[in-house]
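Asks: Okay, here's the structure, questions in a sec.
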Amino acid sequence: TIAGFIFVCTAATFDECISKRLLGAPKNCRDWVSEIKPPAKLFLFNLSTRQLHGVFEAACQGRDNIDPEAWTFGGRSSGSPFPAQVRFNVWKECLPLNGKSVQSVLKTDQRIVQLNSQQLQALLDNFTTLVPPEQSMFPYLAQEQQQQQT
């Protein structure tokens, strides 16, 4: 049984993934992405920094072209290079893990990795340190936490 997924990005695509809360993969991965449904756990591995970010949760079922202009950098008229897409919410924002922690499940040529329940639990067990609100990549989370404290 598939319990979670790791998506792969680079420094060039990372910020857009985070700002849009959107993960994408090439069209040859659409069958896998279409299997993603809430509350599947999702992660984002940045190849450039060799860091795994998470923990995210699917906000919708994966499908084609949720945002057809995503990762086009304003110049690609034929649509997104990563049309198999899923939106995510933050389940628990933790400090990223380094690549050594995830080598056993990552294959360098894959853009998306399926996780079974044991692999997912092993990753969740490693995501233990929460990001302080002032360092969050998701400003709305810090605002929500401040509102809850007042």
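If you're wondering about the labels, chains in the structure tokens are A, B, ... by order shown, residues count from 1 in each chain, ligands from 1 in order shown.
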Which residues of segment 58-137 of chain A come within 7 Å of segment 45-52 of chain A, and what is each one's closest atom pair and distance in Å (one decimal), counting only C-alpha atoms, sorted by chain and residue number, as JSON lines?
Replies:
```
{"residue": "A:Pro96", "atom": "CA", "partner": "A:Leu52", "partner_atom": "CA", "distance": 5.2}
{"residue": "A:Leu97", "atom": "CA", "partner": "A:Leu52", "partner_atom": "CA", "distance": 5.0}
{"residue": "A:Asn98", "atom": "CA", "partner": "A:Gln51", "partner_atom": "CA", "distance": 4.6}
{"residue": "A:Gly99", "atom": "CA", "partner": "A:Arg50", "partner_atom": "CA", "distance": 4.9}
```
Asks: With all heavy atoms retained, write the just-selected residues as a PDB file, in the first residue's frame.
Replies:
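Below is the file that was written, out16.pdb:
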```
ATOM      1  N   PRO A  96      14.434  20.718   7.688  1.00  0.00           N
ATOM      2  CA  PRO A  96      14.669  19.711   6.652  1.00  0.00           C
ATOM      3  C   PRO A  96      15.698  18.670   7.091  1.00  0.00           C
ATOM      4  O   PRO A  96      16.561  18.936   7.928  1.00  0.00           O
ATOM      5  CB  PRO A  96      15.170  20.520   5.457  1.00  0.00           C
ATOM      6  CG  PRO A  96      15.608  21.827   6.013  1.00  0.00           C
ATOM      7  CD  PRO A  96      14.864  22.053   7.286  1.00  0.00           C
ATOM      8  N   LEU A  97      15.560  17.492   6.495  1.00  0.00           N
ATOM      9  CA  LEU A  97      16.527  16.417   6.719  1.00  0.00           C
ATOM     10  C   LEU A  97      17.582  16.479   5.626  1.00  0.00           C
ATOM     11  O   LEU A  97      17.283  16.866   4.490  1.00  0.00           O
ATOM     12  CB  LEU A  97      15.840  15.056   6.657  1.00  0.00           C
ATOM     13  CG  LEU A  97      14.704  14.800   7.637  1.00  0.00           C
ATOM     14  CD1 LEU A  97      14.119  13.407   7.401  1.00  0.00           C
ATOM     15  CD2 LEU A  97      15.181  14.944   9.072  1.00  0.00           C
ATOM     16  N   ASN A  98      18.788  16.061   5.950  1.00  0.00           N
ATOM     17  CA  ASN A  98      19.816  16.042   4.908  1.00  0.00           C
ATOM     18  C   ASN A  98      19.673  14.778   4.064  1.00  0.00           C
ATOM     19  O   ASN A  98      18.988  13.832   4.451  1.00  0.00           O
ATOM     20  CB  ASN A  98      21.227  16.179   5.499  1.00  0.00           C
ATOM     21  CG  ASN A  98      21.640  14.980   6.322  1.00  0.00           C
ATOM     22  OD1 ASN A  98      21.356  13.837   5.994  1.00  0.00           O
ATOM     23  ND2 ASN A  98      22.336  15.249   7.418  1.00  0.00           N
ATOM     24  N   GLY A  99      20.299  14.785   2.911  1.00  0.00           N
ATOM     25  CA  GLY A  99      20.155  13.704   1.945  1.00  0.00           C
ATOM     26  C   GLY A  99      20.532  12.334   2.469  1.00  0.00           C
ATOM     27  O   GLY A  99      19.968  11.332   2.048  1.00  0.00           O
TER      28      GLY A  99
END
```
Asks: With DSSP run on the backbone, what are the strand (DSSP E) residues within chain A? I'd like them as a ChimeraX atom specification.
Replies: /A:2-9,22-25,41-46,51-58,63-64,84-90,97-98,112-116
Asks: Ser117 of chain A: which residues within 12 Å, counting only C-alpha atoms, same-chain residues fewer than 6 positions away excluded, as an mmCIF file with all heavy atoms, in the first residue's frame?
Replies:
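result-v8.cif, written as the output of this step:
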```cif
data_model
loop_
_atom_site.group_PDB
_atom_site.id
_atom_site.type_symbol
_atom_site.label_atom_id
_atom_site.label_comp_id
_atom_site.auth_asym_id
_atom_site.auth_seq_id
_atom_site.Cartn_x
_atom_site.Cartn_y
_atom_site.Cartn_z
ATOM 1 N N THR A 1 0.846 -1.187 0.000
ATOM 2 C CA THR A 1 0.000 0.000 0.000
ATOM 3 C C THR A 1 0.886 1.241 0.000
ATOM 4 O O THR A 1 1.821 1.341 0.786
ATOM 5 C CB THR A 1 -0.902 0.039 1.243
ATOM 6 O OG1 THR A 1 -1.645 -1.175 1.295
ATOM 7 C CG2 THR A 1 -1.839 1.223 1.204
ATOM 8 N N ILE A 2 0.541 2.188 -0.860
ATOM 9 C CA ILE A 2 1.283 3.448 -0.937
ATOM 10 C C ILE A 2 0.770 4.369 0.168
ATOM 11 O O ILE A 2 -0.421 4.629 0.282
ATOM 12 C CB ILE A 2 1.125 4.104 -2.319
ATOM 13 C CG1 ILE A 2 1.567 3.145 -3.428
ATOM 14 C CG2 ILE A 2 1.894 5.418 -2.384
ATOM 15 C CD1 ILE A 2 2.975 2.603 -3.278
ATOM 16 N N ALA A 3 1.709 4.863 0.983
ATOM 17 C CA ALA A 3 1.333 5.690 2.122
ATOM 18 C C ALA A 3 1.755 7.145 1.978
ATOM 19 O O ALA A 3 1.233 8.015 2.660
ATOM 20 C CB ALA A 3 1.942 5.106 3.399
ATOM 21 N N GLY A 4 2.704 7.426 1.094
ATOM 22 C CA GLY A 4 3.181 8.783 0.916
ATOM 23 C C GLY A 4 4.032 8.898 -0.328
ATOM 24 O O GLY A 4 4.293 7.905 -1.014
ATOM 25 N N PHE A 5 4.459 10.125 -0.606
ATOM 26 C CA PHE A 5 5.228 10.395 -1.818
ATOM 27 C C PHE A 5 6.296 11.438 -1.537
ATOM 28 O O PHE A 5 6.077 12.375 -0.761
ATOM 29 C CB PHE A 5 4.325 10.937 -2.934
ATOM 30 C CG PHE A 5 3.320 9.943 -3.434
ATOM 31 C CD1 PHE A 5 2.114 9.748 -2.782
ATOM 32 C CD2 PHE A 5 3.583 9.201 -4.577
ATOM 33 C CE1 PHE A 5 1.179 8.843 -3.249
ATOM 34 C CE2 PHE A 5 2.659 8.290 -5.053
ATOM 35 C CZ PHE A 5 1.459 8.107 -4.381
ATOM 36 N N ALA A 40 -2.852 11.862 2.240
ATOM 37 C CA ALA A 40 -1.524 11.314 1.941
ATOM 38 C C ALA A 40 -0.437 12.294 2.370
ATOM 39 O O ALA A 40 -0.557 13.498 2.149
ATOM 40 C CB ALA A 40 -1.392 11.001 0.451
ATOM 41 N N LYS A 41 0.610 11.771 2.948
ATOM 42 C CA LYS A 41 1.742 12.598 3.374
ATOM 43 C C LYS A 41 2.689 12.790 2.195
ATOM 44 O O LYS A 41 2.947 11.865 1.415
ATOM 45 C CB LYS A 41 2.497 11.956 4.542
ATOM 46 C CG LYS A 41 1.636 11.760 5.778
ATOM 47 C CD LYS A 41 1.090 13.067 6.309
ATOM 48 C CE LYS A 41 0.220 12.898 7.515
ATOM 49 N NZ LYS A 41 -1.196 12.771 7.220
ATOM 50 N N LEU A 123 10.486 8.083 7.873
ATOM 51 C CA LEU A 123 10.696 9.512 7.615
ATOM 52 C C LEU A 123 10.032 10.361 8.690
ATOM 53 O O LEU A 123 10.628 11.315 9.201
ATOM 54 C CB LEU A 123 10.157 9.900 6.237
ATOM 55 C CG LEU A 123 11.002 9.491 5.048
ATOM 56 C CD1 LEU A 123 10.328 9.934 3.758
ATOM 57 C CD2 LEU A 123 12.396 10.080 5.128
ATOM 58 N N LEU A 124 8.788 10.023 9.032
ATOM 59 C CA LEU A 124 8.079 10.801 10.051
ATOM 60 C C LEU A 124 8.838 10.768 11.371
ATOM 61 O O LEU A 124 8.896 11.773 12.092
ATOM 62 C CB LEU A 124 6.650 10.276 10.236
ATOM 63 C CG LEU A 124 5.695 10.498 9.068
ATOM 64 C CD1 LEU A 124 4.367 9.815 9.343
ATOM 65 C CD2 LEU A 124 5.505 11.968 8.761
#
```
Asks: Would you pick out the contacts of Pro26 of chain A at 8 Å or less, using only C-alpha atoms, so that residues sharing its chain but fewer than 5 positions from it are not included, and give the list as a list of chain:residue names?
Replies: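 Listing them by chain and then by number gives A:Pro81, A:Phe82, A:Pro83, A:Ala84, A:Arg111.
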Asks: Dump N, CA and C atoms for the selected residues as an mmCIF file, in the first residue's frame?
Replies:
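In the end it all went to again-v2.cif:
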```
data_model
loop_
_atom_site.group_PDB
_atom_site.id
_atom_site.type_symbol
_atom_site.label_atom_id
_atom_site.label_comp_id
_atom_site.auth_asym_id
_atom_site.auth_seq_id
_atom_site.Cartn_x
_atom_site.Cartn_y
_atom_site.Cartn_z
ATOM 1 N N PRO A 81 6.140 22.084 -17.495
ATOM 2 C CA PRO A 81 6.950 20.885 -17.724
ATOM 3 C C PRO A 81 6.630 19.783 -16.708
ATOM 4 N N PHE A 82 5.862 20.143 -15.666
ATOM 5 C CA PHE A 82 5.476 19.196 -14.622
ATOM 6 C C PHE A 82 3.954 19.237 -14.456
ATOM 7 N N PRO A 83 3.218 18.684 -15.424
ATOM 8 C CA PRO A 83 1.763 18.819 -15.411
ATOM 9 C C PRO A 83 1.034 17.884 -14.438
ATOM 10 N N ALA A 84 1.681 16.836 -13.949
ATOM 11 C CA ALA A 84 1.061 15.942 -12.968
ATOM 12 C C ALA A 84 1.239 16.592 -11.604
ATOM 13 N N ARG A 111 11.617 11.552 -10.367
ATOM 14 C CA ARG A 111 11.031 12.856 -10.015
ATOM 15 C C ARG A 111 9.971 12.712 -8.933
#
```
Asks: Just the number, please: distance in Å from atom CA of Pro133 of chain A to atom CA of Glu93 of chain A, one decimal.
Replies: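 Distance between the two atoms: 9.4 Å.
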Asks: Measure the distance from atom CA of Ala58 of chain A to atom CA of Thr129 of chain A in Å and round it to one decimal.
Replies: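 Going from atom CA of Ala58 of chain A over to atom CA of Thr129 of chain A covers 21.3 Å.
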Asks: Write out as a PDB file with C-alpha atoms, in the first residue's frame each polymer residue whose atoms come within 12 Å of Asn65 of chain A, counting only C-alpha atoms; drop sequence neighbours fewer than 6 positions from it.
Replies:
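Output (selection_20.pdb):
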```
ATOM      1  CA  LEU A  22       1.990  22.828  -5.347  1.00  0.00           C
ATOM      2  CA  LEU A  23       4.072  19.780  -6.234  1.00  0.00           C
ATOM      3  CA  GLY A  24       4.534  18.554  -9.783  1.00  0.00           C
ATOM      4  CA  ALA A  25       6.049  15.779 -11.827  1.00  0.00           C
ATOM      5  CA  PRO A  26       6.497  15.098 -15.556  1.00  0.00           C
ATOM      6  CA  LYS A  27       3.543  13.749 -17.522  1.00  0.00           C
ATOM      7  CA  ARG A  30       0.583  11.156 -13.976  1.00  0.00           C
ATOM      8  CA  VAL A  33       0.193  11.418  -9.038  1.00  0.00           C
ATOM      9  CA  SER A  34      -3.464  10.637  -9.761  1.00  0.00           C
ATOM     10  CA  TRP A  71       7.322  26.251 -13.408  1.00  0.00           C
ATOM     11  CA  SER A  78       3.358  24.740 -24.220  1.00  0.00           C
ATOM     12  CA  GLY A  79       2.394  24.585 -20.541  1.00  0.00           C
ATOM     13  CA  SER A  80       4.006  23.286 -17.405  1.00  0.00           C
ATOM     14  CA  PRO A  81       6.950  20.885 -17.724  1.00  0.00           C
ATOM     15  CA  PHE A  82       5.476  19.196 -14.622  1.00  0.00           C
ATOM     16  CA  PRO A  83       1.763  18.819 -15.411  1.00  0.00           C
ATOM     17  CA  ALA A  84       1.061  15.942 -12.968  1.00  0.00           C
ATOM     18  CA  GLN A  85       0.293  18.063  -9.918  1.00  0.00           C
ATOM     19  CA  VAL A  86      -1.086  18.038  -6.403  1.00  0.00           C
ATOM     20  CA  ARG A  87      -1.726  20.867  -3.946  1.00  0.00           C
TER      21      ARG A  87
END
```
Asks: Pick out the residues sitting within 10 Å of Ser19 of chain A, and hand them over as a ChimeraX atom specification; count only C-alpha atoms, and ignore anything fewer than 4 positions along from it in its own chain.
Replies: /A:14-15,137-139
Asks: So, with only C-alpha atoms as the atoms that count, which of A:Cys17, A:Phe43, A:Cys29, A:Thr72 lies closest to Leu120 of chain A?
Replies: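 Among the listed residues, A:Phe43 lies closest to Leu120 of chain A.
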Asks: Pick out the closest residue to Lys92 of chain A from this set: A:Pro132, A:Gln61, A:Asn116, A:Gly74. Count only C-alpha atoms.
Replies: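 The answer is A:Pro132, which sits nearest to Lys92 of chain A.
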Asks: Can you tell me which residues surround Ser136 of chain A at a distance of at most 10 Å, considering only C-alpha atoms, apart from same-chain residues fewer than 6 positions away, and format the answer as JSON, numbers by chain?
Replies: {"A": [93, 94, 95, 130, 142]}
Asks: Could you write those residues out with N, CA and C atoms, as a compact mmCIF listing (two decimals), in the first residue's frame?
Replies:
```txt
# COMPACT_ATOMS: atom_id res chain seq x y z
N GLU A 93 5.48 21.50 9.92
CA GLU A 93 6.69 22.07 9.31
C GLU A 93 7.88 21.83 10.22
N CYS A 94 8.76 20.99 9.75
CA CYS A 94 9.96 20.63 10.50
C CYS A 94 11.20 21.10 9.78
N LEU A 95 12.30 21.16 10.51
CA LEU A 95 13.57 21.45 9.86
C LEU A 95 13.86 20.36 8.84
N LEU A 130 10.54 21.01 15.02
CA LEU A 130 9.65 21.97 14.36
C LEU A 130 10.40 23.25 14.03
N ALA A 142 2.89 31.33 10.55
CA ALA A 142 3.36 32.17 11.65
C ALA A 142 2.25 33.10 12.12
```
Asks: Enumerate the residues of chain A with a DSSP assignment of alpha helix (DSSP H), computed from the backbone, and present them as a ChimeraX atom specification.
Replies: /A:11-20,30-34,117-126,139-149
